[in-house]
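Engineer: As input, take entry09.pdb (PDB, C-alpha atoms, pLDDT in the B column):
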MODEL        1
ATOM      1  CA  SER P   1     -48.363 -18.579 -58.439  1.00 80.00           C
ATOM      2  CA  ARG P   2     -44.786 -19.892 -58.402  1.00 88.00           C
ATOM      3  CA  PHE P   3     -43.762 -17.461 -61.159  1.00 93.00           C
ATOM      4  CA  LEU P   4     -42.982 -14.382 -59.045  1.00 92.00           C
ATOM      5  CA  PRO P   5     -41.308 -16.323 -56.190  1.00 93.00           C
ATOM      6  CA  ASN P   6     -39.077 -18.079 -58.719  1.00 94.00           C
ATOM      7  CA  ILE P   7     -38.089 -14.737 -60.223  1.00 94.00           C
ATOM      8  CA  MET P   8     -37.249 -13.385 -56.761  1.00 92.00           C
ATOM      9  CA  ALA P   9     -35.095 -16.449 -56.082  1.00 92.00           C
ATOM     10  CA  PHE P  10     -33.337 -16.052 -59.439  1.00 90.00           C
ATOM     11  CA  ARG P  11     -32.722 -12.361 -58.726  1.00 91.00           C
ATOM     12  CA  SER P  12     -31.302 -13.236 -55.310  1.00 91.00           C
ATOM     13  CA  PHE P  13     -28.834 -15.630 -56.941  1.00 88.00           C
ATOM     14  CA  ASN P  14     -27.596 -12.747 -59.094  1.00 87.00           C
ATOM     15  CA  GLN P  15     -27.474 -10.148 -56.326  1.00 89.00           C
ATOM     16  CA  LEU P  16     -25.729 -12.433 -53.827  1.00 89.00           C
ATOM     17  CA  GLY P  17     -23.267 -13.789 -56.383  1.00 87.00           C
ATOM     18  CA  ILE P  18     -24.188 -17.428 -55.669  1.00 84.00           C
ATOM     19  CA  THR P  19     -22.368 -19.676 -58.115  1.00 79.00           C
ATOM     20  CA  THR P  20     -22.326 -23.021 -56.284  1.00 79.00           C
ATOM     21  CA  GLN P  21     -25.957 -24.032 -56.861  1.00 83.00           C
ATOM     22  CA  ARG P  22     -25.757 -24.382 -60.639  1.00 85.00           C
ATOM     23  CA  ASP P  23     -28.382 -27.102 -60.931  1.00 89.00           C
ATOM     24  CA  LEU P  24     -30.887 -25.056 -58.937  1.00 88.00           C
ATOM     25  CA  ARG P  25     -30.144 -21.953 -60.971  1.00 87.00           C
ATOM     26  CA  THR P  26     -30.646 -23.908 -64.202  1.00 91.00           C
ATOM     27  CA  GLU P  27     -33.961 -25.257 -62.943  1.00 92.00           C
ATOM     28  CA  LEU P  28     -35.105 -21.790 -61.869  1.00 92.00           C
ATOM     29  CA  ASN P  29     -34.251 -20.453 -65.324  1.00 92.00           C
ATOM     30  CA  ARG P  30     -36.265 -23.256 -66.923  1.00 95.00           C
ATOM     31  CA  GLN P  31     -39.256 -22.677 -64.654  1.00 95.00           C
ATOM     32  CA  VAL P  32     -39.307 -18.932 -65.307  1.00 95.00           C
ATOM     33  CA  GLN P  33     -39.051 -19.400 -69.081  1.00 96.00           C
ATOM     34  CA  PHE P  34     -41.876 -21.950 -68.953  1.00 96.00           C
ATOM     35  CA  ALA P  35     -44.072 -19.614 -66.877  1.00 96.00           C
ATOM     36  CA  ILE P  36     -43.545 -16.701 -69.277  1.00 97.00           C
ATOM     37  CA  GLN P  37     -44.644 -18.837 -72.215  1.00 97.00           C
ATOM     38  CA  ARG P  38     -47.628 -20.117 -70.259  1.00 95.00           C
ATOM     39  CA  LEU P  39     -48.683 -16.548 -69.437  1.00 97.00           C
ATOM     40  CA  TYR P  40     -48.433 -15.689 -73.135  1.00 97.00           C
ATOM     41  CA  ALA P  41     -50.693 -18.622 -73.998  1.00 96.00           C
ATOM     42  CA  GLU P  42     -53.262 -17.899 -71.278  1.00 96.00           C
ATOM     43  CA  GLN P  43     -53.595 -14.122 -71.665  1.00 97.00           C
ATOM     44  CA  LYS P  44     -57.161 -13.387 -72.648  1.00 97.00           C
ATOM     45  CA  VAL P  45     -58.425 -11.191 -75.459  1.00 97.00           C
ATOM     46  CA  ASP P  46     -59.061  -8.333 -73.021  1.00 97.00           C
ATOM     47  CA  GLY P  47     -55.425  -8.450 -71.843  1.00 98.00           C
ATOM     48  CA  GLY P  48     -56.069  -9.984 -68.437  1.00 98.00           C
ATOM     49  CA  TRP P  49     -55.637 -13.350 -66.777  1.00 98.00           C
ATOM     50  CA  GLY P  50     -57.960 -15.433 -64.618  1.00 96.00           C
ATOM     51  CA  TRP P  51     -56.877 -17.678 -61.774  1.00 90.00           C
ATOM     52  CA  PHE P  52     -57.719 -20.648 -63.994  1.00 90.00           C
ATOM     53  CA  VAL P  53     -57.672 -20.758 -67.785  1.00 89.00           C
ATOM     54  CA  GLN P  54     -61.456 -20.928 -68.023  1.00 92.00           C
ATOM     55  CA  ASP P  55     -62.020 -18.053 -65.584  1.00 95.00           C
ATOM     56  CA  ALA P  56     -62.805 -14.497 -66.634  1.00 96.00           C
ATOM     57  CA  SER P  57     -59.991 -11.971 -66.336  1.00 98.00           C
ATOM     58  CA  ASN P  58     -59.370 -10.912 -62.753  1.00 97.00           C
ATOM     59  CA  PRO P  59     -57.742  -7.547 -61.944  1.00 97.00           C
ATOM     60  CA  LEU P  60     -55.813  -8.855 -58.932  1.00 96.00           C
ATOM     61  CA  VAL P  61     -54.455 -11.877 -60.800  1.00 96.00           C
ATOM     62  CA  THR P  62     -53.582  -9.673 -63.767  1.00 98.00           C
ATOM     63  CA  ALA P  63     -51.722  -7.150 -61.608  1.00 98.00           C
ATOM     64  CA  TYR P  64     -49.785  -9.985 -59.963  1.00 96.00           C
ATOM     65  CA  ALA P  65     -48.847 -11.418 -63.368  1.00 97.00           C
ATOM     66  CA  LEU P  66     -47.870  -7.971 -64.643  1.00 98.00           C
ATOM     67  CA  ILE P  67     -45.507  -7.408 -61.701  1.00 97.00           C
ATOM     68  CA  GLY P  68     -43.916 -10.785 -62.382  1.00 96.00           C
ATOM     69  CA  LEU P  69     -43.408 -10.059 -66.072  1.00 98.00           C
ATOM     70  CA  VAL P  70     -41.881  -6.660 -65.328  1.00 97.00           C
ATOM     71  CA  GLU P  71     -39.540  -8.152 -62.719  1.00 96.00           C
ATOM     72  CA  ALA P  72     -38.555 -10.895 -65.179  1.00 96.00           C
ATOM     73  CA  SER P  73     -37.763  -8.315 -67.835  1.00 97.00           C
ATOM     74  CA  GLU P  74     -35.664  -6.285 -65.407  1.00 95.00           C
ATOM     75  CA  ILE P  75     -33.399  -9.244 -64.590  1.00 93.00           C
ATOM     76  CA  GLY P  76     -32.802 -10.078 -68.228  1.00 93.00           C
ATOM     77  CA  PHE P  77     -35.553 -12.432 -69.392  1.00 95.00           C
ATOM     78  CA  ALA P  78     -37.062 -11.645 -72.792  1.00 96.00           C
ATOM     79  CA  VAL P  79     -40.652 -10.467 -72.290  1.00 97.00           C
ATOM     80  CA  ASP P  80     -42.978  -9.429 -75.120  1.00 98.00           C
ATOM     81  CA  PRO P  81     -43.802  -5.722 -74.546  1.00 97.00           C
ATOM     82  CA  ASN P  82     -47.185  -6.202 -76.231  1.00 98.00           C
ATOM     83  CA  VAL P  83     -48.191  -8.658 -73.504  1.00 98.00           C
ATOM     84  CA  ILE P  84     -47.291  -6.074 -70.856  1.00 98.00           C
ATOM     85  CA  GLU P  85     -49.115  -3.289 -72.711  1.00 98.00           C
ATOM     86  CA  ARG P  86     -52.320  -5.320 -72.991  1.00 98.00           C
ATOM     87  CA  ALA P  87     -52.168  -6.153 -69.283  1.00 98.00           C
ATOM     88  CA  ILE P  88     -51.756  -2.471 -68.418  1.00 98.00           C
ATOM     89  CA  GLN P  89     -54.751  -1.546 -70.566  1.00 98.00           C
ATOM     90  CA  PHE P  90     -56.896  -4.177 -68.856  1.00 98.00           C
ATOM     91  CA  ILE P  91     -55.916  -2.971 -65.373  1.00 98.00           C
ATOM     92  CA  GLU P  92     -56.540   0.664 -66.270  1.00 97.00           C
ATOM     93  CA  GLY P  93     -60.093  -0.323 -67.176  1.00 97.00           C
ATOM     94  CA  GLN P  94     -60.657  -1.793 -63.701  1.00 97.00           C
ATOM     95  CA  TYR P  95     -60.206   1.309 -61.546  1.00 97.00           C
ATOM     96  CA  VAL P  96     -63.110   2.227 -59.280  1.00 94.00           C
ATOM     97  CA  SER P  97     -64.289   5.506 -57.812  1.00 92.00           C
ATOM     98  CA  THR P  98     -63.113   6.290 -54.293  1.00 90.00           C
ATOM     99  CA  GLY P  99     -66.396   7.603 -52.922  1.00 86.00           C
ATOM    100  CA  LEU P 100     -67.987   6.662 -49.614  1.00 86.00           C
ATOM    101  CA  ASN P 101     -70.017   3.901 -51.281  1.00 89.00           C
ATOM    102  CA  THR P 102     -66.842   2.085 -52.377  1.00 93.00           C
ATOM    103  CA  PRO P 103     -65.928  -0.722 -49.925  1.00 94.00           C
ATOM    104  CA  ASP P 104     -62.550  -0.329 -48.244  1.00 94.00           C
ATOM    105  CA  TRP P 105     -61.312  -3.638 -49.681  1.00 95.00           C
ATOM    106  CA  GLN P 106     -61.776  -2.228 -53.189  1.00 96.00           C
ATOM    107  CA  LEU P 107     -59.621   0.771 -52.266  1.00 97.00           C
ATOM    108  CA  ASP P 108     -56.963  -1.647 -51.006  1.00 97.00           C
ATOM    109  CA  ARG P 109     -57.151  -3.519 -54.282  1.00 97.00           C
ATOM    110  CA  GLN P 110     -56.845  -0.281 -56.216  1.00 97.00           C
ATOM    111  CA  ALA P 111     -53.629   0.483 -54.333  1.00 98.00           C
ATOM    112  CA  PHE P 112     -52.234  -2.812 -55.657  1.00 98.00           C
ATOM    113  CA  LEU P 113     -53.404  -2.047 -59.193  1.00 98.00           C
ATOM    114  CA  VAL P 114     -51.847   1.422 -59.357  1.00 98.00           C
ATOM    115  CA  TYR P 115     -48.623   0.004 -57.889  1.00 98.00           C
ATOM    116  CA  ALA P 116     -48.482  -2.732 -60.551  1.00 98.00           C
ATOM    117  CA  VAL P 117     -49.006  -0.245 -63.386  1.00 98.00           C
ATOM    118  CA  ALA P 118     -46.372   2.083 -61.901  1.00 98.00           C
ATOM    119  CA  GLN P 119     -43.962  -0.860 -61.761  1.00 97.00           C
ATOM    120  CA  ALA P 120     -44.569  -1.276 -65.481  1.00 97.00           C
ATOM    121  CA  GLY P 121     -43.523   2.335 -66.061  1.00 96.00           C
ATOM    122  CA  ARG P 122     -46.979   3.885 -66.408  1.00 96.00           C
ATOM    123  CA  PRO P 123     -47.759   5.541 -63.048  1.00 96.00           C
ATOM    124  CA  ASN P 124     -51.189   7.113 -62.719  1.00 96.00           C
ATOM    125  CA  VAL P 125     -50.511  10.221 -60.654  1.00 96.00           C
ATOM    126  CA  ALA P 126     -54.159  11.237 -60.373  1.00 96.00           C
ATOM    127  CA  ARG P 127     -55.341   7.835 -59.108  1.00 96.00           C
ATOM    128  CA  THR P 128     -52.415   7.593 -56.702  1.00 97.00           C
ATOM    129  CA  THR P 129     -53.078  11.048 -55.295  1.00 96.00           C
ATOM    130  CA  THR P 130     -56.772  10.277 -54.862  1.00 96.00           C
ATOM    131  CA  LEU P 131     -55.893   7.142 -52.895  1.00 97.00           C
ATOM    132  CA  PHE P 132     -53.560   9.199 -50.737  1.00 97.00           C
ATOM    133  CA  ASP P 133     -56.485  11.447 -49.873  1.00 96.00           C
ATOM    134  CA  GLU P 134     -58.363   8.314 -48.740  1.00 96.00           C
ATOM    135  CA  ARG P 135     -55.408   6.861 -46.807  1.00 96.00           C
ATOM    136  CA  GLY P 136     -57.398   6.765 -43.576  1.00 96.00           C
ATOM    137  CA  ARG P 137     -59.499   3.970 -45.108  1.00 96.00           C
ATOM    138  CA  LEU P 138     -56.547   1.992 -46.433  1.00 97.00           C
ATOM    139  CA  SER P 139     -54.985  -1.026 -44.779  1.00 97.00           C
ATOM    140  CA  ILE P 140     -51.364  -0.776 -43.657  1.00 98.00           C
ATOM    141  CA  TYR P 141     -50.118  -2.846 -46.593  1.00 98.00           C
ATOM    142  CA  SER P 142     -51.948  -0.581 -49.034  1.00 98.00           C
ATOM    143  CA  ARG P 143     -50.271   2.454 -47.531  1.00 98.00           C
ATOM    144  CA  ALA P 144     -46.947   0.680 -48.054  1.00 98.00           C
ATOM    145  CA  LEU P 145     -47.897   0.029 -51.685  1.00 98.00           C
ATOM    146  CA  LEU P 146     -48.884   3.665 -52.062  1.00 98.00           C
ATOM    147  CA  THR P 147     -45.515   4.711 -50.620  1.00 98.00           C
ATOM    148  CA  MET P 148     -43.709   2.645 -53.249  1.00 98.00           C
ATOM    149  CA  THR P 149     -45.945   4.020 -55.991  1.00 98.00           C
ATOM    150  CA  PHE P 150     -45.103   7.622 -55.064  1.00 97.00           C
ATOM    151  CA  HIS P 151     -41.447   6.566 -55.021  1.00 97.00           C
ATOM    152  CA  LEU P 152     -41.829   5.240 -58.582  1.00 96.00           C
ATOM    153  CA  ILE P 153     -43.484   8.514 -59.639  1.00 95.00           C
ATOM    154  CA  ASP P 154     -40.142  10.069 -58.636  1.00 84.00           C
ATOM    155  CA  SER P 155     -41.351  13.519 -57.665  1.00 81.00           C
ATOM    156  CA  ASP P 156     -39.162  16.067 -55.914  1.00 84.00           C
ATOM    157  CA  ASP P 157     -41.928  16.420 -53.316  1.00 86.00           C
ATOM    158  CA  ASN P 158     -41.571  13.633 -50.727  1.00 93.00           C
ATOM    159  CA  SER P 159     -44.154  15.034 -48.335  1.00 95.00           C
ATOM    160  CA  ARG P 160     -46.726  12.349 -49.171  1.00 97.00           C
ATOM    161  CA  ILE P 161     -44.158   9.582 -48.710  1.00 97.00           C
ATOM    162  CA  ASP P 162     -43.142  11.053 -45.356  1.00 96.00           C
ATOM    163  CA  THR P 163     -46.788  11.259 -44.263  1.00 97.00           C
ATOM    164  CA  LEU P 164     -47.453   7.643 -45.243  1.00 98.00           C
ATOM    165  CA  ILE P 165     -44.317   6.317 -43.546  1.00 97.00           C
ATOM    166  CA  SER P 166     -45.080   8.278 -40.392  1.00 97.00           C
ATOM    167  CA  GLY P 167     -48.551   6.750 -40.236  1.00 97.00           C
ATOM    168  CA  ILE P 168     -47.177   3.258 -40.835  1.00 98.00           C
ATOM    169  CA  PHE P 169     -44.645   3.692 -38.017  1.00 97.00           C
ATOM    170  CA  GLY P 170     -47.499   4.594 -35.701  1.00 96.00           C
ATOM    171  CA  ASN P 171     -48.880   1.058 -36.171  1.00 97.00           C
ATOM    172  CA  ALA P 172     -45.594  -0.792 -35.606  1.00 98.00           C
ATOM    173  CA  ILE P 173     -45.649  -3.586 -33.003  1.00 98.00           C
ATOM    174  CA  MET P 174     -42.365  -4.274 -31.224  1.00 97.00           C
ATOM    175  CA  SER P 175     -41.632  -7.570 -29.500  1.00 96.00           C
ATOM    176  CA  ALA P 176     -38.752  -9.855 -28.610  1.00 96.00           C
ATOM    177  CA  ASN P 177     -38.947 -11.278 -32.131  1.00 96.00           C
ATOM    178  CA  GLY P 178     -38.545  -7.892 -33.820  1.00 98.00           C
ATOM    179  CA  VAL P 179     -40.960  -5.423 -35.421  1.00 98.00           C
ATOM    180  CA  HIS P 180     -44.093  -6.263 -37.364  1.00 98.00           C
ATOM    181  CA  TRP P 181     -47.523  -4.926 -38.324  1.00 98.00           C
ATOM    182  CA  GLU P 182     -51.021  -6.314 -37.861  1.00 98.00           C
ATOM    183  CA  GLU P 183     -54.130  -5.280 -39.759  1.00 97.00           C
ATOM    184  CA  ASP P 184     -57.448  -4.635 -38.023  1.00 94.00           C
ATOM    185  CA  GLU P 185     -59.015  -7.306 -40.237  1.00 89.00           C
ATOM    186  CA  ARG P 186     -57.698 -10.006 -42.540  1.00 86.00           C
ATOM    187  CA  ASP P 187     -58.226  -8.999 -46.160  1.00 89.00           C
ATOM    188  CA  ALA P 188     -59.128 -12.279 -47.828  1.00 88.00           C
ATOM    189  CA  PHE P 189     -60.453 -10.417 -50.900  1.00 88.00           C
ATOM    190  CA  ASN P 190     -56.888  -9.315 -51.657  1.00 94.00           C
ATOM    191  CA  TRP P 191     -54.934 -12.353 -50.394  1.00 91.00           C
ATOM    192  CA  ASN P 192     -53.463 -10.443 -47.471  1.00 94.00           C
ATOM    193  CA  THR P 193     -52.073 -11.613 -44.128  1.00 94.00           C
ATOM    194  CA  ASP P 194     -50.130  -9.813 -41.395  1.00 96.00           C
ATOM    195  CA  THR P 195     -46.942 -11.498 -42.611  1.00 96.00           C
ATOM    196  CA  ARG P 196     -47.543 -10.084 -46.095  1.00 96.00           C
ATOM    197  CA  THR P 197     -48.294  -6.663 -44.618  1.00 98.00           C
ATOM    198  CA  THR P 198     -44.980  -6.712 -42.742  1.00 98.00           C
ATOM    199  CA  ALA P 199     -43.134  -7.763 -45.901  1.00 97.00           C
ATOM    200  CA  MET P 200     -44.796  -4.938 -47.867  1.00 97.00           C
ATOM    201  CA  VAL P 201     -43.717  -2.397 -45.245  1.00 98.00           C
ATOM    202  CA  LEU P 202     -40.165  -3.764 -45.317  1.00 98.00           C
ATOM    203  CA  LYS P 203     -40.072  -3.461 -49.112  1.00 97.00           C
ATOM    204  CA  ALA P 204     -41.259   0.146 -48.886  1.00 98.00           C
ATOM    205  CA  LEU P 205     -38.718   1.028 -46.185  1.00 98.00           C
ATOM    206  CA  VAL P 206     -35.838  -0.474 -48.156  1.00 97.00           C
ATOM    207  CA  GLN P 207     -36.809   1.688 -51.135  1.00 96.00           C
ATOM    208  CA  VAL P 208     -37.498   5.035 -49.478  1.00 96.00           C
ATOM    209  CA  GLN P 209     -35.499   4.891 -46.209  1.00 96.00           C
ATOM    210  CA  PRO P 210     -32.800   2.223 -46.692  1.00 96.00           C
ATOM    211  CA  GLN P 211     -30.893   3.363 -43.586  1.00 96.00           C
ATOM    212  CA  ASN P 212     -33.920   3.223 -41.294  1.00 96.00           C
ATOM    213  CA  GLU P 213     -33.024   1.599 -37.985  1.00 95.00           C
ATOM    214  CA  LEU P 214     -36.242  -0.459 -37.938  1.00 96.00           C
ATOM    215  CA  ILE P 215     -35.246  -2.511 -40.995  1.00 98.00           C
ATOM    216  CA  PRO P 216     -33.030  -5.110 -39.239  1.00 98.00           C
ATOM    217  CA  ASN P 217     -35.763  -5.765 -36.673  1.00 98.00           C
ATOM    218  CA  VAL P 218     -38.414  -6.172 -39.368  1.00 98.00           C
ATOM    219  CA  VAL P 219     -36.137  -8.635 -41.158  1.00 98.00           C
ATOM    220  CA  ARG P 220     -35.641 -10.522 -37.894  1.00 98.00           C
ATOM    221  CA  TRP P 221     -39.394 -10.818 -37.336  1.00 98.00           C
ATOM    222  CA  LEU P 222     -39.906 -12.152 -40.857  1.00 98.00           C
ATOM    223  CA  MET P 223     -37.059 -14.638 -40.429  1.00 97.00           C
ATOM    224  CA  VAL P 224     -38.715 -15.972 -37.270  1.00 96.00           C
ATOM    225  CA  SER P 225     -42.081 -16.152 -39.049  1.00 92.00           C
ATOM    226  CA  ARG P 226     -40.904 -18.207 -42.025  1.00 88.00           C
TER     227      ARG P 226
ENDMDL
END
What's the structure tokens form of this structure?
Structural biologist:
Amino acid sequence: SRFLPNIMAFRSFNQLGITTQRDLRTELNRQVQFAIQRLYAEQKVDGGWGWFVQDASNPLVTAYALIGLVEASEIGFAVDPNVIERAIQFIEGQYVSTGLNTPDWQLDRQAFLVYAVAQAGRPNVARTTTLFDERGRLSIYSRALLTMTFHLIDSDDNSRIDTLISGIFGNAIMSANGVHWEEDERDAFNWNTDTRTTAMVLKALVQVQPQNELIPNVVRWLMVSR
């Protein structure tokens, strides 16, 4: 679970041009390299990962690992493309139908899965569009994930993104500490909290509306919540 946070820290060092913390940067590099090799060793025959080595492959864990590997590759770490391909194939076998009998938490999880695969360069337009049609059942963070997925699809039609962002804005909570979002229920099935929801919305806003005036206030709320 430290893999993705370490990558984000390493990326921040590069983006901010920090050169004074050489020992920390060296240790981050070592930790990321170690984690990549460990993921190689623990990937199962079906292409997925479990939370523990002895566990069966889990779609949420696999999507999380896939995002980390893709992010690592994008900042210059050598990542075996076959490992990524096998993870994508596993995730694509985990999609569920979006009918009325499907619990809402499974739709939220599917939003994370299609986002992870889109991050890896294989967006599933049909699945993403179907989730958009069910957006009224999605949590706020899932709508943020869906926004980023449509952004990765890179269509000339931004109407779905605009619709999703508009709905997300309608749930914004403003206070002296800034702007944040709260879900109707905590989604323990998918590791979610209101802090994570707010971070997901911020990530989506930075990608699709980087000049949005809410962004500084969302950042401020997250800074206070650390």
Engineer: What does the distance from atom CA of P:Ala35 to atom CA of P:Thr20 come to in Å, to one decimal?
Structural biologist: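 The value is 24.4 Å.
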Engineer: Would you mind listing what lies within 9 Å of P:Asn29 as a ChimeraX atom specification, with only C-alpha atoms counted and same-chain residues fewer than 6 positions away left out?
Structural biologist: /P:6-7,10
Engineer: Of the candidates P:Leu60, P:Phe132, P:Val125, P:Phe150, which shows the shortest atom-to-atom distance to P:Phe112, using all atoms listed in the file?
Structural biologist: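 Distance minimum relative to P:Phe112 lands on P:Leu60.
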Engineer: For this structure, which residues satisfy the selection - the PyMOL selection byres ((chain P and resi 67) around 10) - when it is evaluated on the file as given? I want them as a PDB file with C-alpha atoms, keeping the file's coordinate frame.
Structural biologist:
ATOM      1  CA  LEU P   4     -42.982 -14.382 -59.045  1.00 92.00           C
ATOM      2  CA  THR P  62     -53.582  -9.673 -63.767  1.00 98.00           C
ATOM      3  CA  ALA P  63     -51.722  -7.150 -61.608  1.00 98.00           C
ATOM      4  CA  TYR P  64     -49.785  -9.985 -59.963  1.00 96.00           C
ATOM      5  CA  ALA P  65     -48.847 -11.418 -63.368  1.00 97.00           C
ATOM      6  CA  LEU P  66     -47.870  -7.971 -64.643  1.00 98.00           C
ATOM      7  CA  GLY P  68     -43.916 -10.785 -62.382  1.00 96.00           C
ATOM      8  CA  LEU P  69     -43.408 -10.059 -66.072  1.00 98.00           C
ATOM      9  CA  VAL P  70     -41.881  -6.660 -65.328  1.00 97.00           C
ATOM     10  CA  GLU P  71     -39.540  -8.152 -62.719  1.00 96.00           C
ATOM     11  CA  ALA P  72     -38.555 -10.895 -65.179  1.00 96.00           C
ATOM     12  CA  SER P  73     -37.763  -8.315 -67.835  1.00 97.00           C
ATOM     13  CA  ILE P  84     -47.291  -6.074 -70.856  1.00 98.00           C
ATOM     14  CA  LEU P 113     -53.404  -2.047 -59.193  1.00 98.00           C
ATOM     15  CA  TYR P 115     -48.623   0.004 -57.889  1.00 98.00           C
ATOM     16  CA  ALA P 116     -48.482  -2.732 -60.551  1.00 98.00           C
ATOM     17  CA  VAL P 117     -49.006  -0.245 -63.386  1.00 98.00           C
ATOM     18  CA  ALA P 118     -46.372   2.083 -61.901  1.00 98.00           C
ATOM     19  CA  GLN P 119     -43.962  -0.860 -61.761  1.00 97.00           C
ATOM     20  CA  ALA P 120     -44.569  -1.276 -65.481  1.00 97.00           C
TER      21      ALA P 120
END
Engineer: Can you pull out every residue within 6 Å of stretch 200-206 of chain P, counting only C-alpha atoms, but drop anything in the same chain fewer than 2 positions away, and send it as a list in words?
Structural biologist: Tyr141, Ala144, Met148, Thr197, Thr198, Val208, Gln209 and Pro210 of chain P
Engineer: Hey, which of P:Asp80, P:Glu85, P:Asp104, P:Glu92 ends up closest to P:Glu185? Count only C-alpha atoms.
Structural biologist: P:Asp104
Engineer: Find, counting all atoms listed in the file, the residue in P:Asn217, P:Glu134, P:Arg30, P:Asp154 that gets nearest to P:Leu100.
Structural biologist: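 Once distances to P:Leu100 are computed over all atoms listed in the file, the minimum belongs to P:Glu134.
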Engineer: Put the listed atoms of stretch 83-95 of chain P in a box along x, y and z with 5 Å added on every side and give me the centre and edge lengths in Å to one decimal, as lines of an AutoDock Vina configuration file.
Structural biologist:
center_x = -54.0
center_y = -3.7
center_z = -67.5
size_x = 23.4
size_y = 20.0
size_z = 22.0
Engineer: Near stretch 54-59 of chain P, counting all atoms listed in the file, which residues have an atom at most 8 Å away, once you skip same-chain residues fewer than 2 positions from it, shown as a list in words?
Structural biologist: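 Contacts, in chain order: Lys44, Asp46, Gly47, Gly48, Trp49, Gly50, Trp51, Phe52, Val61, Thr62, Ala63, Phe90, Ile91, Gln94 and Leu113 of chain P.
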Engineer: Which protein, DNA or RNA residues are at most 7 Å from (-35.2, -15.5, -67.4) in the file's coordinates when you count only C-alpha atoms, listed as a list in words?
Structural biologist: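 Residues satisfying the cut-off, written out: Asn29, Val32, Gln33, Ala72, Gly76, Phe77 and Ala78 of chain P.
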Engineer: Can you work out which one of P:Leu146, P:Val96, P:Ile140, P:Ala87 has the shortest atom-to-atom distance to P:Tyr40, counting only C-alpha atoms?
Structural biologist: P:Ala87
Engineer: Work out how far apart atom CA of P:Arg22 and atom CA of P:Leu222 are and give it in Å to one decimal.
Structural biologist: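 Here the two named atoms are 27.2 Å from each other.
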Engineer: When the PyMOL selection byres ((chain P and resi 178) around 6) is applied to the structure above, which residues does it catch, written out as a short mmCIF file (atom, residue, chain, number, x, y, z; two decimals) with C-alpha atoms, keeping the file's coordinate frame?
Structural biologist:
data_model
loop_
_atom_site.label_atom_id
_atom_site.label_comp_id
_atom_site.auth_asym_id
_atom_site.auth_seq_id
_atom_site.Cartn_x
_atom_site.Cartn_y
_atom_site.Cartn_z
CA MET P 174 -42.36 -4.27 -31.22
CA SER P 175 -41.63 -7.57 -29.50
CA ALA P 176 -38.75 -9.86 -28.61
CA ASN P 177 -38.95 -11.28 -32.13
CA VAL P 179 -40.96 -5.42 -35.42
CA ASN P 217 -35.76 -5.76 -36.67
CA VAL P 218 -38.41 -6.17 -39.37
CA ARG P 220 -35.64 -10.52 -37.89
CA TRP P 221 -39.39 -10.82 -37.34
#
Engineer: Convert the output of the PyMOL selection byres ((chain P and resi 161) around 12) on the shown file into explicit residues, formatted as a PyMOL selection string.
Structural biologist: chain P and resi 128-129+132+135+143-160+162-168+204-205+207-209
Engineer: I need the chosen residues saved as a PDB file, keeping the file's coordinate frame, with C-alpha atoms.
Structural biologist:
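In the end it all went to again-v6.pdb:
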ATOM      1  CA  THR P 128     -52.415   7.593 -56.702  1.00 97.00           C
ATOM      2  CA  THR P 129     -53.078  11.048 -55.295  1.00 96.00           C
ATOM      3  CA  PHE P 132     -53.560   9.199 -50.737  1.00 97.00           C
ATOM      4  CA  ARG P 135     -55.408   6.861 -46.807  1.00 96.00           C
ATOM      5  CA  ARG P 143     -50.271   2.454 -47.531  1.00 98.00           C
ATOM      6  CA  ALA P 144     -46.947   0.680 -48.054  1.00 98.00           C
ATOM      7  CA  LEU P 145     -47.897   0.029 -51.685  1.00 98.00           C
ATOM      8  CA  LEU P 146     -48.884   3.665 -52.062  1.00 98.00           C
ATOM      9  CA  THR P 147     -45.515   4.711 -50.620  1.00 98.00           C
ATOM     10  CA  MET P 148     -43.709   2.645 -53.249  1.00 98.00           C
ATOM     11  CA  THR P 149     -45.945   4.020 -55.991  1.00 98.00           C
ATOM     12  CA  PHE P 150     -45.103   7.622 -55.064  1.00 97.00           C
ATOM     13  CA  HIS P 151     -41.447   6.566 -55.021  1.00 97.00           C
ATOM     14  CA  LEU P 152     -41.829   5.240 -58.582  1.00 96.00           C
ATOM     15  CA  ILE P 153     -43.484   8.514 -59.639  1.00 95.00           C
ATOM     16  CA  ASP P 154     -40.142  10.069 -58.636  1.00 84.00           C
ATOM     17  CA  SER P 155     -41.351  13.519 -57.665  1.00 81.00           C
ATOM     18  CA  ASP P 156     -39.162  16.067 -55.914  1.00 84.00           C
ATOM     19  CA  ASP P 157     -41.928  16.420 -53.316  1.00 86.00           C
ATOM     20  CA  ASN P 158     -41.571  13.633 -50.727  1.00 93.00           C
ATOM     21  CA  SER P 159     -44.154  15.034 -48.335  1.00 95.00           C
ATOM     22  CA  ARG P 160     -46.726  12.349 -49.171  1.00 97.00           C
ATOM     23  CA  ASP P 162     -43.142  11.053 -45.356  1.00 96.00           C
ATOM     24  CA  THR P 163     -46.788  11.259 -44.263  1.00 97.00           C
ATOM     25  CA  LEU P 164     -47.453   7.643 -45.243  1.00 98.00           C
ATOM     26  CA  ILE P 165     -44.317   6.317 -43.546  1.00 97.00           C
ATOM     27  CA  SER P 166     -45.080   8.278 -40.392  1.00 97.00           C
ATOM     28  CA  GLY P 167     -48.551   6.750 -40.236  1.00 97.00           C
ATOM     29  CA  ILE P 168     -47.177   3.258 -40.835  1.00 98.00           C
ATOM     30  CA  ALA P 204     -41.259   0.146 -48.886  1.00 98.00           C
ATOM     31  CA  LEU P 205     -38.718   1.028 -46.185  1.00 98.00           C
ATOM     32  CA  GLN P 207     -36.809   1.688 -51.135  1.00 96.00           C
ATOM     33  CA  VAL P 208     -37.498   5.035 -49.478  1.00 96.00           C
ATOM     34  CA  GLN P 209     -35.499   4.891 -46.209  1.00 96.00           C
TER      35      GLN P 209
END
Engineer: Atom CA of P:Arg109 and atom CA of P:Asn192 are how many Å apart?
Structural biologist: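 Atom CA of P:Arg109 sits 10.4 Å away from atom CA of P:Asn192.
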